[in-house]
Structures are given as C-alpha cells and as structure tokens.
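Dumped my_file-v7.txt below, it's compact mmCIF, C-alpha atoms:
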```
# COMPACT_ATOMS: atom_id res chain seq x y z
CA MET A 1 108.59 -112.30 -106.10
CA GLY A 2 104.97 -113.38 -105.64
CA LEU A 3 105.87 -116.32 -103.44
CA LEU A 4 107.95 -114.19 -101.09
CA ASP A 5 105.24 -111.57 -100.77
CA ALA A 6 102.60 -114.14 -99.82
CA ARG A 7 102.20 -114.27 -96.08
CA ILE A 8 102.37 -118.05 -95.58
CA SER A 9 103.16 -118.93 -92.00
CA ASN A 10 102.41 -122.65 -92.10
CA ARG A 11 105.71 -124.02 -93.38
CA ASN A 12 105.54 -127.52 -94.80
CA VAL A 13 108.00 -129.76 -96.58
CA LEU A 14 107.17 -128.56 -100.06
CA VAL A 15 107.38 -124.87 -99.13
CA THR A 16 110.67 -125.43 -97.34
CA SER A 17 112.17 -126.99 -100.45
CA VAL A 18 110.83 -124.24 -102.68
CA ASP A 19 112.29 -121.76 -100.22
CA ASN A 20 115.69 -123.38 -100.39
CA VAL A 21 115.74 -123.57 -104.17
CA MET A 22 114.56 -120.00 -104.52
CA ASN A 23 117.03 -118.67 -101.99
CA TRP A 24 119.85 -120.64 -103.59
CA ALA A 25 118.94 -119.13 -106.95
CA ARG A 26 118.77 -115.62 -105.51
CA LEU A 27 121.98 -115.77 -103.52
CA SER A 28 123.86 -117.38 -106.41
CA SER A 29 123.02 -114.57 -108.81
CA LEU A 30 123.19 -111.35 -106.79
CA TRP A 31 123.36 -108.63 -109.38
CA PRO A 32 124.74 -105.38 -107.99
CA MET A 33 124.08 -102.05 -109.63
CA GLY A 34 127.24 -100.90 -111.40
CA PHE A 35 128.01 -97.54 -109.90
CA GLY A 36 130.81 -96.18 -107.77
CA LEU A 37 131.12 -92.87 -105.96
CA ALA A 38 134.78 -92.60 -104.95
CA CYS A 39 137.98 -94.57 -104.37
CA CYS A 40 136.09 -97.55 -102.86
CA ALA A 41 134.74 -98.10 -106.37
CA ILE A 42 138.30 -98.87 -107.52
CA GLU A 43 138.45 -101.71 -104.97
CA MET A 44 134.99 -102.81 -106.10
CA MET A 45 136.21 -102.91 -109.71
CA ALA A 46 139.29 -104.85 -108.60
CA THR A 47 136.97 -107.32 -106.88
CA ASN A 48 134.99 -107.68 -110.09
CA ALA A 49 138.13 -108.18 -112.16
CA SER A 50 139.95 -111.44 -112.78
CA ASN A 51 142.13 -111.62 -109.64
CA TYR A 52 139.17 -111.82 -107.26
CA ASP A 53 136.63 -112.84 -109.90
CA LEU A 54 133.25 -112.05 -108.38
CA GLU A 55 131.58 -113.91 -111.21
CA ARG A 56 132.34 -117.18 -109.43
CA PHE A 57 129.67 -116.04 -106.94
CA GLY A 58 127.31 -115.23 -109.81
CA ILE A 59 127.83 -111.54 -109.08
CA PHE A 60 128.29 -109.18 -111.98
CA PRO A 61 127.32 -105.53 -112.25
CA ARG A 62 124.20 -104.44 -114.08
CA SER A 63 123.90 -101.05 -115.65
CA SER A 64 120.31 -100.41 -114.60
CA PRO A 65 118.77 -100.28 -111.11
CA ARG A 66 115.71 -102.08 -112.51
CA GLN A 67 117.82 -105.21 -113.16
CA SER A 68 119.68 -105.13 -109.83
CA ASP A 69 119.19 -106.97 -106.55
CA LEU A 70 121.96 -105.27 -104.66
CA MET A 71 123.26 -101.75 -104.30
CA ILE A 72 126.93 -101.47 -103.31
CA VAL A 73 127.35 -97.90 -102.05
CA ALA A 74 131.06 -97.68 -102.82
CA GLY A 75 132.40 -94.32 -101.75
CA THR A 76 131.69 -90.85 -100.43
CA VAL A 77 128.02 -89.88 -100.65
CA THR A 78 127.81 -86.10 -101.02
CA MET A 79 124.69 -84.15 -100.09
CA LYS A 80 124.18 -83.54 -103.81
CA MET A 81 124.40 -87.27 -104.54
CA ALA A 82 122.24 -88.42 -101.59
CA GLU A 83 118.95 -87.70 -103.31
CA LYS A 84 120.10 -89.47 -106.47
CA VAL A 85 121.07 -92.52 -104.40
CA VAL A 86 117.55 -92.56 -102.93
CA THR A 87 116.05 -92.36 -106.44
CA LEU A 88 118.24 -95.26 -107.62
CA TYR A 89 117.30 -97.29 -104.54
CA GLU A 90 113.60 -96.67 -105.18
CA GLN A 91 113.99 -97.80 -108.79
CA MET A 92 115.34 -101.21 -107.72
CA PRO A 93 112.78 -104.05 -107.64
CA GLU A 94 112.16 -105.81 -104.34
CA PRO A 95 113.61 -107.77 -102.66
CA ARG A 96 116.61 -105.44 -102.68
CA TYR A 97 119.74 -105.32 -100.58
CA VAL A 98 122.13 -102.51 -99.72
CA LEU A 99 125.80 -102.99 -98.88
CA SER A 100 127.55 -99.91 -97.52
CA MET A 101 131.20 -100.16 -98.51
CA GLY A 102 133.89 -98.18 -96.68
CA SER A 103 134.07 -95.57 -93.94
CA CYS A 104 132.56 -92.73 -95.98
CA SER A 105 129.28 -94.40 -96.73
CA ASN A 106 129.22 -96.07 -93.29
CA CYS A 107 129.54 -92.86 -91.25
CA GLY A 108 131.13 -90.04 -93.27
CA GLY A 109 134.65 -91.38 -92.80
CA PRO A 110 137.39 -88.74 -92.84
CA TYR A 111 134.78 -86.07 -93.66
CA TRP A 112 132.81 -86.61 -90.44
CA ASN A 113 133.72 -83.20 -88.96
CA HIS A 114 134.78 -80.68 -91.61
CA GLY A 115 133.16 -82.25 -94.65
CA TYR A 116 130.20 -79.92 -94.98
CA HIS A 117 129.26 -81.51 -98.30
CA VAL A 118 129.30 -85.17 -97.19
CA LEU A 119 126.35 -87.23 -96.01
CA LYS A 120 127.43 -88.73 -92.66
CA GLY A 121 126.40 -92.29 -93.45
CA VAL A 122 124.22 -93.51 -96.29
CA ASP A 123 121.90 -95.11 -93.69
CA ARG A 124 120.50 -91.62 -93.11
CA VAL A 125 118.68 -91.90 -96.44
CA ILE A 126 118.32 -95.62 -97.28
CA PRO A 127 118.20 -98.80 -95.12
CA VAL A 128 121.54 -100.66 -95.08
CA ASP A 129 121.83 -104.44 -94.63
CA VAL A 130 125.59 -104.94 -94.40
CA TYR A 131 128.37 -102.50 -93.52
CA VAL A 132 131.90 -103.24 -94.71
CA PRO A 133 134.51 -101.28 -92.73
CA GLY A 134 137.75 -100.06 -94.29
CA CYS A 135 139.17 -97.05 -96.07
CA PRO A 136 138.86 -98.48 -98.64
CA PRO A 137 138.11 -102.13 -97.74
CA ARG A 138 140.25 -104.70 -99.48
CA PRO A 139 138.53 -106.96 -102.04
CA GLU A 140 138.57 -109.77 -99.44
CA ALA A 141 136.55 -107.56 -97.09
CA LEU A 142 134.04 -106.75 -99.81
CA ILE A 143 133.70 -110.45 -100.63
CA GLY A 144 133.15 -111.05 -96.90
CA GLY A 145 130.36 -108.47 -96.93
CA LEU A 146 128.79 -110.00 -100.02
CA MET A 147 128.86 -113.42 -98.34
CA LYS A 148 127.02 -111.83 -95.39
CA ILE A 149 124.35 -110.70 -97.87
CA GLN A 150 124.19 -114.28 -99.13
CA GLU A 151 123.73 -115.54 -95.56
CA LEU A 152 120.92 -113.04 -95.13
CA VAL A 153 119.24 -114.22 -98.34
CA ARG A 154 119.57 -117.82 -97.15
CA MET A 155 117.84 -116.95 -93.85
CA GLU A 156 114.86 -115.36 -95.57
CA GLY A 157 111.90 -117.34 -96.77
CA LEU A 158 108.15 -117.55 -96.98
CA GLY A 159 106.75 -115.97 -93.87
CA ILE A 160 110.19 -114.94 -92.60
CA SER A 161 110.69 -111.21 -92.87
CA ARG A 162 113.98 -109.36 -93.31
CA GLN A 163 113.90 -108.30 -89.66
CA GLU A 164 113.44 -111.87 -88.47
CA ALA A 165 116.22 -113.07 -90.77
CA LEU A 166 118.57 -110.37 -89.43
CA LYS A 167 117.65 -111.37 -85.88
CA LYS A 168 118.38 -115.02 -86.61
CA LEU A 169 121.69 -114.01 -88.17
CA ALA A 170 122.59 -112.00 -85.09
CA GLU A 171 121.84 -115.02 -82.88
CA LYS A 172 124.11 -117.14 -85.07
CA SER A 173 126.99 -114.69 -84.90
CA VAL A 174 130.29 -115.98 -83.51
CA ASP A 175 133.10 -114.17 -81.77
CA PRO A 176 135.86 -113.87 -84.40
CA GLN A 177 138.56 -114.08 -81.70
CA GLN A 178 137.47 -117.64 -80.90
CA VAL A 179 137.72 -118.64 -84.57
CA ILE A 180 141.19 -117.07 -84.81
CA ASP A 181 142.33 -118.82 -81.61
CA GLN A 182 141.01 -122.16 -82.88
CA ALA A 183 142.81 -121.73 -86.18
CA ARG A 184 146.02 -120.82 -84.36
CA LYS A 185 145.72 -123.88 -82.12
CA ALA A 186 145.16 -126.12 -85.13
CA THR A 187 148.29 -124.86 -86.87
CA ALA A 188 150.46 -124.82 -83.72
CA MET B 4 174.12 -61.29 -107.72
CA ASP B 5 176.37 -58.75 -109.34
CA ASN B 6 173.97 -55.82 -109.61
CA GLY B 7 172.98 -56.30 -105.94
CA MET B 8 169.27 -55.54 -106.18
CA GLU B 9 168.03 -55.44 -102.61
CA GLU B 10 164.64 -55.02 -101.02
CA ALA B 11 163.83 -55.38 -97.29
CA GLY B 12 167.30 -56.81 -96.70
CA ASN B 13 166.74 -59.76 -99.05
CA ILE B 14 168.60 -60.24 -102.28
CA MET B 15 166.07 -60.96 -104.98
CA SER B 16 166.54 -64.13 -106.99
CA ALA B 17 166.70 -63.98 -110.77
CA ALA B 18 163.07 -65.16 -111.02
CA VAL B 19 161.86 -62.43 -108.67
CA GLN B 20 163.84 -59.84 -110.61
CA GLN B 21 162.06 -60.91 -113.79
CA SER B 22 158.73 -60.51 -112.02
CA LYS B 23 159.85 -57.08 -110.81
CA ALA B 24 160.71 -56.07 -114.37
CA ALA B 25 157.22 -57.14 -115.51
CA TYR B 26 155.68 -55.26 -112.59
CA ASP B 27 157.58 -52.08 -113.50
CA ILE B 28 156.00 -52.13 -116.97
CA ILE B 29 152.51 -52.45 -115.42
CA ARG B 30 153.29 -49.76 -112.83
CA GLU B 31 154.51 -47.41 -115.53
CA ARG B 32 151.22 -47.84 -117.42
CA PHE B 33 148.72 -47.81 -114.53
CA GLY B 34 150.49 -45.84 -111.78
CA ASP B 35 148.66 -45.79 -108.48
CA ALA B 36 145.97 -48.23 -109.62
CA VAL B 37 148.45 -50.95 -108.60
CA SER B 38 150.14 -51.31 -105.22
CA GLU B 39 153.85 -51.63 -104.45
CA PHE B 40 155.65 -54.79 -105.63
CA ASP B 41 155.98 -57.53 -103.01
CA ALA B 42 159.14 -59.57 -103.64
CA ASN B 43 157.79 -62.72 -102.08
CA PRO B 44 160.38 -65.40 -102.98
CA THR B 45 157.71 -68.11 -103.45
CA MET B 46 155.41 -66.05 -105.62
CA PRO B 47 156.05 -62.32 -106.12
CA PHE B 48 152.83 -60.36 -106.31
CA PHE B 49 151.19 -56.96 -106.45
CA GLU B 50 147.72 -55.84 -105.54
CA VAL B 51 145.21 -54.01 -107.71
CA ALA B 52 144.38 -50.97 -105.59
CA ASP B 53 141.65 -49.71 -107.91
CA ALA B 54 139.53 -52.80 -108.63
CA SER B 55 137.62 -51.02 -111.40
CA LYS B 56 140.86 -51.07 -113.46
CA TRP B 57 141.30 -54.83 -113.04
CA VAL B 58 139.99 -55.83 -116.51
CA ASP B 59 142.15 -53.16 -118.21
CA ILE B 60 145.20 -54.33 -116.28
CA ALA B 61 144.42 -57.97 -117.17
CA LEU B 62 144.06 -57.15 -120.88
CA PHE B 63 147.30 -55.13 -120.82
CA MET B 64 149.12 -57.98 -119.07
CA ARG B 65 147.88 -60.49 -121.61
CA ASP B 66 148.42 -58.44 -124.76
CA ASP B 67 151.50 -56.28 -124.16
CA ALA B 68 154.39 -57.67 -126.19
CA ARG B 69 156.80 -57.34 -123.26
CA LEU B 70 154.49 -59.15 -120.78
CA LYS B 71 152.40 -61.76 -122.65
CA PHE B 72 150.80 -63.25 -119.51
CA ASN B 73 148.70 -65.54 -121.71
CA TYR B 74 148.22 -68.30 -119.15
CA MET B 75 146.20 -68.13 -115.95
CA ALA B 76 147.57 -70.98 -113.85
CA CYS B 77 145.14 -70.52 -110.99
CA LEU B 78 142.57 -68.19 -109.46
CA SER B 79 141.93 -68.70 -105.75
CA GLY B 80 139.70 -67.01 -103.23
CA VAL B 81 140.81 -65.69 -99.84
CA ASP B 82 138.85 -64.61 -96.77
CA TYR B 83 140.53 -61.72 -94.90
CA MET B 84 138.13 -61.85 -91.98
CA GLU B 85 140.00 -59.32 -89.77
CA GLN B 86 140.05 -56.70 -92.54
CA GLU B 87 136.38 -57.40 -93.41
CA GLN B 88 137.49 -58.24 -96.94
CA LEU B 89 137.39 -61.02 -99.50
CA GLY B 90 139.91 -61.37 -102.26
CA ILE B 91 141.21 -63.34 -105.19
CA VAL B 92 144.76 -64.33 -106.06
CA CYS B 93 145.53 -64.90 -109.74
CA ASN B 94 148.69 -66.78 -110.67
CA LEU B 95 149.75 -65.67 -114.12
CA GLU B 96 152.41 -67.11 -116.39
CA SER B 97 153.46 -66.85 -119.99
CA ILE B 98 153.59 -69.78 -122.36
CA GLY B 99 155.94 -69.24 -125.30
CA GLY B 100 156.66 -65.70 -124.09
CA PRO B 101 159.03 -64.29 -121.47
CA ALA B 102 159.83 -66.77 -118.66
CA HIS B 103 158.29 -64.68 -115.91
CA ARG B 104 155.40 -65.20 -113.55
CA ILE B 105 153.52 -63.04 -111.10
CA ALA B 106 150.51 -63.15 -108.81
CA VAL B 107 147.84 -60.46 -108.75
CA LYS B 108 145.58 -59.84 -105.78
CA VAL B 109 142.22 -58.10 -105.98
CA LYS B 110 140.14 -57.41 -102.90
CA CYS B 111 136.58 -56.38 -102.21
CA SER B 112 134.33 -55.81 -99.22
CA ARG B 113 133.32 -58.95 -97.28
CA GLU B 114 129.58 -58.28 -97.36
CA GLY B 115 128.09 -57.67 -100.80
CA GLY B 116 131.48 -56.99 -102.38
CA SER B 117 132.17 -57.50 -106.07
CA ILE B 118 135.19 -57.86 -108.33
CA PRO B 119 135.17 -57.35 -112.12
CA SER B 120 135.24 -60.69 -113.95
CA VAL B 121 138.25 -61.48 -116.14
CA SER B 122 136.66 -64.56 -117.74
CA CYS B 123 136.63 -62.60 -121.02
CA VAL B 124 140.43 -62.21 -120.74
CA TRP B 125 141.39 -65.73 -119.65
CA HIS B 126 138.68 -68.37 -120.19
CA THR B 127 140.20 -70.34 -117.30
CA ALA B 128 138.80 -67.67 -115.02
CA ASN B 129 135.22 -68.63 -115.87
CA TRP B 130 135.06 -71.77 -113.70
CA HIS B 131 137.64 -70.50 -111.20
CA GLU B 132 135.57 -67.40 -110.48
CA ARG B 133 132.49 -69.56 -110.10
CA GLU B 134 134.40 -71.65 -107.56
CA ALA B 135 135.56 -68.55 -105.66
CA TYR B 136 131.96 -67.32 -105.59
CA ASP B 137 130.74 -70.75 -104.46
CA MET B 138 133.21 -70.91 -101.57
CA TYR B 139 133.50 -67.24 -100.49
CA GLY B 140 130.47 -65.40 -101.84
CA MET B 141 131.96 -62.41 -103.64
CA THR B 142 130.25 -61.61 -106.94
CA PHE B 143 132.05 -61.21 -110.26
CA GLU B 144 130.68 -58.35 -112.35
CA GLY B 145 130.14 -59.29 -115.96
CA HIS B 146 130.57 -63.02 -115.47
CA PRO B 147 128.71 -64.84 -118.28
CA ASP B 148 127.52 -67.77 -116.12
CA HIS B 149 127.43 -66.65 -112.50
CA ARG B 150 126.29 -69.79 -110.63
CA ARG B 151 127.64 -72.05 -107.91
CA ILE B 152 129.89 -74.72 -109.38
CA LEU B 153 130.36 -77.41 -106.69
CA CYS B 154 127.75 -76.98 -103.97
CA PRO B 155 124.07 -77.51 -104.77
CA GLU B 156 122.40 -74.38 -106.15
CA ASP B 157 120.18 -74.06 -103.06
CA TRP B 158 123.03 -74.47 -100.56
CA THR B 159 123.12 -71.97 -97.68
CA GLY B 160 126.31 -70.06 -96.90
CA PHE B 161 129.82 -70.06 -98.31
CA PRO B 162 131.84 -73.02 -96.94
CA LEU B 163 135.39 -71.61 -97.00
CA ARG B 164 134.63 -68.42 -95.08
CA LYS B 165 136.39 -68.55 -91.74
CA ASP B 166 133.17 -68.07 -89.74
CA TYR B 167 131.19 -70.65 -91.76
CA GLN B 168 128.69 -72.76 -89.84
CA VAL B 169 127.24 -75.71 -91.71
CA GLN B 170 123.46 -75.75 -92.10
CA GLU B 171 121.49 -78.17 -89.88
CA THR B 172 119.49 -79.87 -92.64
CA TYR B 173 119.55 -80.03 -96.42
CA HIS B 174 116.25 -81.13 -98.05
CA GLY B 175 115.27 -82.74 -94.75
CA ILE B 176 118.55 -84.67 -94.40
CA LYS B 177 120.63 -83.94 -91.31
CA VAL B 178 124.00 -82.47 -92.35
CA PRO B 179 126.27 -82.38 -89.23
CA TYR B 180 127.69 -85.63 -87.85
```
structure tokens encoding of this file:
Amino acid sequence: MGLLDARISNRNVLVTSVDNVMNWARLSSLWPMGFGLACCAIEMMATNASNYDLERFGIFPRSSPRQSDLMIVAGTVTMKMAEKVVTLYEQMPEPRYVLSMGSCSNCGGPYWNHGYHVLKGVDRVIPVDVYVPGCPPRPEALIGGLMKIQELVRMEGLGISRQEALKKLAEKSVDPQQVIDQARKATA
Amino acid sequence: MDNGMEEAGNIMSAAVQQSKAAYDIIRERFGDAVSEFDANPTMPFFEVADASKWVDIALFMRDDARLKFNYMACLSGVDYMEQEQLGIVCNLESIGGPAHRIAVKVKCSREGGSIPSVSCVWHTANWHEREAYDMYGMTFEGHPDHRRILCPEDWTGFPLRKDYQVQETYHGIKVPY
C-alpha cells in the first residue's frame, strides 16, 4: 500500500476521493485468515456459511497469512500456540487487522485462574483492533465486530494513522442504551 | 445373593464378585507382590505392592486364558501428597473374553520416583504414561518415547500436582492472569 505509507498531510479533493475509493475497496474485500483455535471457530464457520453468508460483505477466508488482511483469533490461545499466532501475524502484509473473538482470546475466559496453559488475552502478544465479547459470540456479534473493522478502515486514509482513526471512532461512539430506547419509542 | 459373599459388611454385586475371582487368580500367582482386594462397588481394584513385578503382572493379566485383560480403558495419574507418593490407576477390561474388569494401582515416591512402563503390554499405555509424566512427573522405566505430550517441552513443573504453582513467564510472555 504505497499510497497509505506515504506521509501526505495536505489533503486535497483528489486525495480525498482516492482515499474513499481505496478504503471502500479495502473494507469491501476484507480477507480473514482461515484458522480457528477452539469452539469460537465453529461460530466463525457458521458465520461464513450460507445462513449468515459473510461473502455478501466480500469476506471469505484465505488459507495463507500472506493473502490475508484480517486475523480472526477465534478461540483459546494456549501458551504453545501463542508464538505460532505471532508468527502468523508477522507473515501478514500491512495494513493488517486483528479481531479477537470470544472470552478466551479477549482475556483467557473460563481459564483465567486455573488454566495454566492458556494465554490470558491474545493482546499480550499481538495488537488487537476489535474485541468481540461472548462465549462463544453469536454470528450476529461476529458480524458486528467485522463491521467495526470496516468502520475503522473507512476512518483511515492518507496521513491518518491507525491511532488517529481509532480516536476518531471513539469520539463517534454512541451509547447503545439511547439507540435501544429510541427504537423502543419508535415501535411503541 | 444366594452364596452371601460379604466383605466389610457390604454384599458384593455380581460384577465385583467377577473382579474378585480374577483377582484371586492373580493373587495365587504373585502372592504378596499384590495387595488385598478392595471391593469398591464403582471400580474394584488392587494395588501392586512390589512395583518391580508390575510388567510381569501386566503380561500375566493380558495373556492368561482365564483373565484376558486385553484392553486398557484408561491410565490415570494420582498425586498422594500426604503420603509423599505419586501413582497410576489402570482400568483394565477384556474384549471378547470374560466380562470382568478391574483397576490396578501402582505407586512410587513423589520425588524422583519411577514406575515400570507397560507400553509394551498395552500400546494404549504409551501416550497415557506420557500424559501422566507430563502432569505429575513420575518417570516410566523402559518407555520407548518418554517426552511430555501436552505441555511444551520446556515447560516448568507438573501442572496436576496439588502444590503446583504456575510459572511467571513462558518465553517472555506473562502466564498468570
């Protein structure tokens, strides 16, 4: 991504349009690496399958980290696996995204105390962009997380770093309770 | 039960009586190398008092025409911390032979103890003994492939011992929560 790497801070009309087209292309064809570590992977496979049909988002799993934009850490990361996950992450071309799916990869999940063999959160070894809670998360939750990744991609651009994009996203965040209340009022 | 076989006030079920009959054959052959029969209703068992005889006992149990314990259903490790001992429990059954089953316990010292390997008798024991070693740390003499099976090879300690404390870091990664 030569254009993304270039440090251009003076944004003009042309660059903005190129940005938008490029980001649209990237977020419409997020290719995750096809690997699963535990039961969350079953939900991930269900999300890929016809009922939830991830391909409508342009998302379909690749069998090589070198062809992937996104790593979905779906399941329990053991101490033995942690180093392999780092190797896979390092083999992915930039810009790369990491989605941590489920309690285990978020924080160790049910193994947080007595699971001597479990890494207590994959963010101890690789940077994570989006965490999806659940044990395991339903396909809807995973799709929600993937749409967060798409929002993040949309925020990025020439001269806008990942940190700045995340900050902008955080500023844009809304209280879900308000949305729920509004929806309830509308249906009442 | 018409013959009224009693032990410790409990009437033994038919299954336990079958195990007792199998035990009597082993006792007759090996004498004091095996302990008294324990008529545990869930899984009747005896202990190998002389661990050096364990492979001979295992071969006899597998090959004797009256016993034919040709199937090792499970081999588990146990930590007897108060007695300063480690042990294994082998659940043995017979497929196509007599419908009896029995558990055999073998113990060794907690620090640096070893138990003869029976992986040459039942191939199932190969991986099960590796697992017992991985989790409890007893060694199995004569095991053809004596390595950890689940934990990384350079892991410190034996996780299922009752006094196990997890290591602080593994390859620079923090382990505890």
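Distance criterion 12 Å to chain A, applied with all atoms listed in the file, yields Met138, Ile152, Leu153, Cys154, Pro155, Glu156, Asp157, Trp158, Thr159, Gly160, Phe161, Pro162, Leu163, Tyr167, Gln168, Val169, Gln170, Glu171, Thr172, Tyr173, His174, Gly175, Ile176, Lys177, Val178, Pro179 and Tyr180 of chain B on chain B.
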Between atom CA of A:Thr76 and atom CA of A:Pro136, distance in Å (one decimal) |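 Here the two named atoms are 10.6 Å from each other.
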Mind giving me the axis-aligned box for stretch 49-62 of chain B with 5 Å on every side, centre plus edges in Å to one decimal, as lines of an AutoDock Vina configuration file?
```
center_x = 144.4
center_y = -53.8
center_z = -113.2
size_x = 23.6
size_y = 18.3
size_z = 25.3
```
Work out how far apart atom CA of B:Val92 and atom CA of B:Met75 are and give it in Å to one decimal.
->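 Taking atom CA of B:Val92 as the start and atom CA of B:Met75 as the end point, the length is 10.7 Å.
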Within 12 Å of stretch 127-133 of chain A, counting all atoms listed in the file, which residues show up once you throw out same-chain ones fewer than 3 positions away? Write them as a count of residues only, please.
-> 55
Atomic separation - atom CA of A:Met33 relative to atom CA of A:Arg62, Å =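 Atom CA of A:Met33 lies at a distance of 5.1 Å from atom CA of A:Arg62.
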Non-local contacts of B:Val37 (7 Å; only C-alpha atoms; under 3 positions in same chain excluded) as JSON, numbers by chain | {"B": [30, 33, 34, 49, 50, 51, 52, 53]}
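Candidate residues B:Thr142, B:Thr127, B:Ser16, B:Ser38 were compared for distance to B:Leu95, and the nearest is B:Thr127, using all atoms listed in the file.
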Pick out the residues sitting within 10 Å of A:Leu54, and hand them over as a list of chain:residue names; count all atoms listed in the file, and ignore anything fewer than 4 positions along from it in its own chain.
->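 Near neighbours after the sequence-gap exclusion: A:Met44, A:Met45, A:Ala46, A:Thr47, A:Asn48, A:Ala49, A:Ser50, A:Gly58, A:Ile59, A:Phe60, A:Pro61, A:Pro139, A:Ile143, A:Leu146.
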Could you give me, as a PDB file with C-alpha atoms, in the frame of the given file, the residues that sit within 8 Å of (136.3, -61.1, -96.6) in the file's coordinates, counting only C-alpha atoms?
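Result saved to point_19.pdb:
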```
ATOM      1  CA  VAL B  81     140.810 -65.690 -99.840  1.00  0.00           C
ATOM      2  CA  ASP B  82     138.850 -64.610 -96.770  1.00  0.00           C
ATOM      3  CA  TYR B  83     140.530 -61.720 -94.900  1.00  0.00           C
ATOM      4  CA  MET B  84     138.130 -61.850 -91.980  1.00  0.00           C
ATOM      5  CA  GLU B  85     140.000 -59.320 -89.770  1.00  0.00           C
ATOM      6  CA  GLN B  86     140.050 -56.700 -92.540  1.00  0.00           C
ATOM      7  CA  GLU B  87     136.380 -57.400 -93.410  1.00  0.00           C
ATOM      8  CA  GLN B  88     137.490 -58.240 -96.940  1.00  0.00           C
ATOM      9  CA  LEU B  89     137.390 -61.020 -99.500  1.00  0.00           C
ATOM     10  CA  GLY B  90     139.910 -61.370-102.260  1.00  0.00           C
ATOM     11  CA  CYS B 111     136.580 -56.380-102.210  1.00  0.00           C
ATOM     12  CA  SER B 112     134.330 -55.810 -99.220  1.00  0.00           C
ATOM     13  CA  ARG B 113     133.320 -58.950 -97.280  1.00  0.00           C
ATOM     14  CA  GLU B 114     129.580 -58.280 -97.360  1.00  0.00           C
ATOM     15  CA  TYR B 139     133.500 -67.240-100.490  1.00  0.00           C
ATOM     16  CA  ARG B 164     134.630 -68.420 -95.080  1.00  0.00           C
TER      17      ARG B 164
END
```
Counting all atoms listed in the file, figure out which residue out of A:Met92, A:Cys135, A:Met155, A:Ile160 gets nearest to A:Ile42.
->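 For A:Ile42, the nearest of the candidates is A:Cys135.
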Distance query B:Asp67 at most 12 Å, all atoms listed in the file, self and fewer than 2 positions along chain excluded, as a PyMOL selection string = chain B and resi 25+28-29+32+59-65+69-73+97+100-101
Compare B:Gln20, B:Asn94, B:Ser122, B:Thr45 by their minimum atom-to-atom distance to B:Gly80, counting all atoms listed in the file, and give me the closest one.
-> B:Asn94
Find the spatial neighbours of A:Trp24, counting all atoms listed in the file, within a cut-off of 9 Å - ignore same-chain residues fewer than 3 positions away - and output them as a VMD selection string.
-> chain A and resid 19 to 21 27 to 29 150 153 to 154
Residues within 7 Å of (158.3, -67.0, -114.4), counting all atoms listed in the file, listed as JSON, numbers by chain = {"B": [18, 22, 96, 102, 103, 104]}
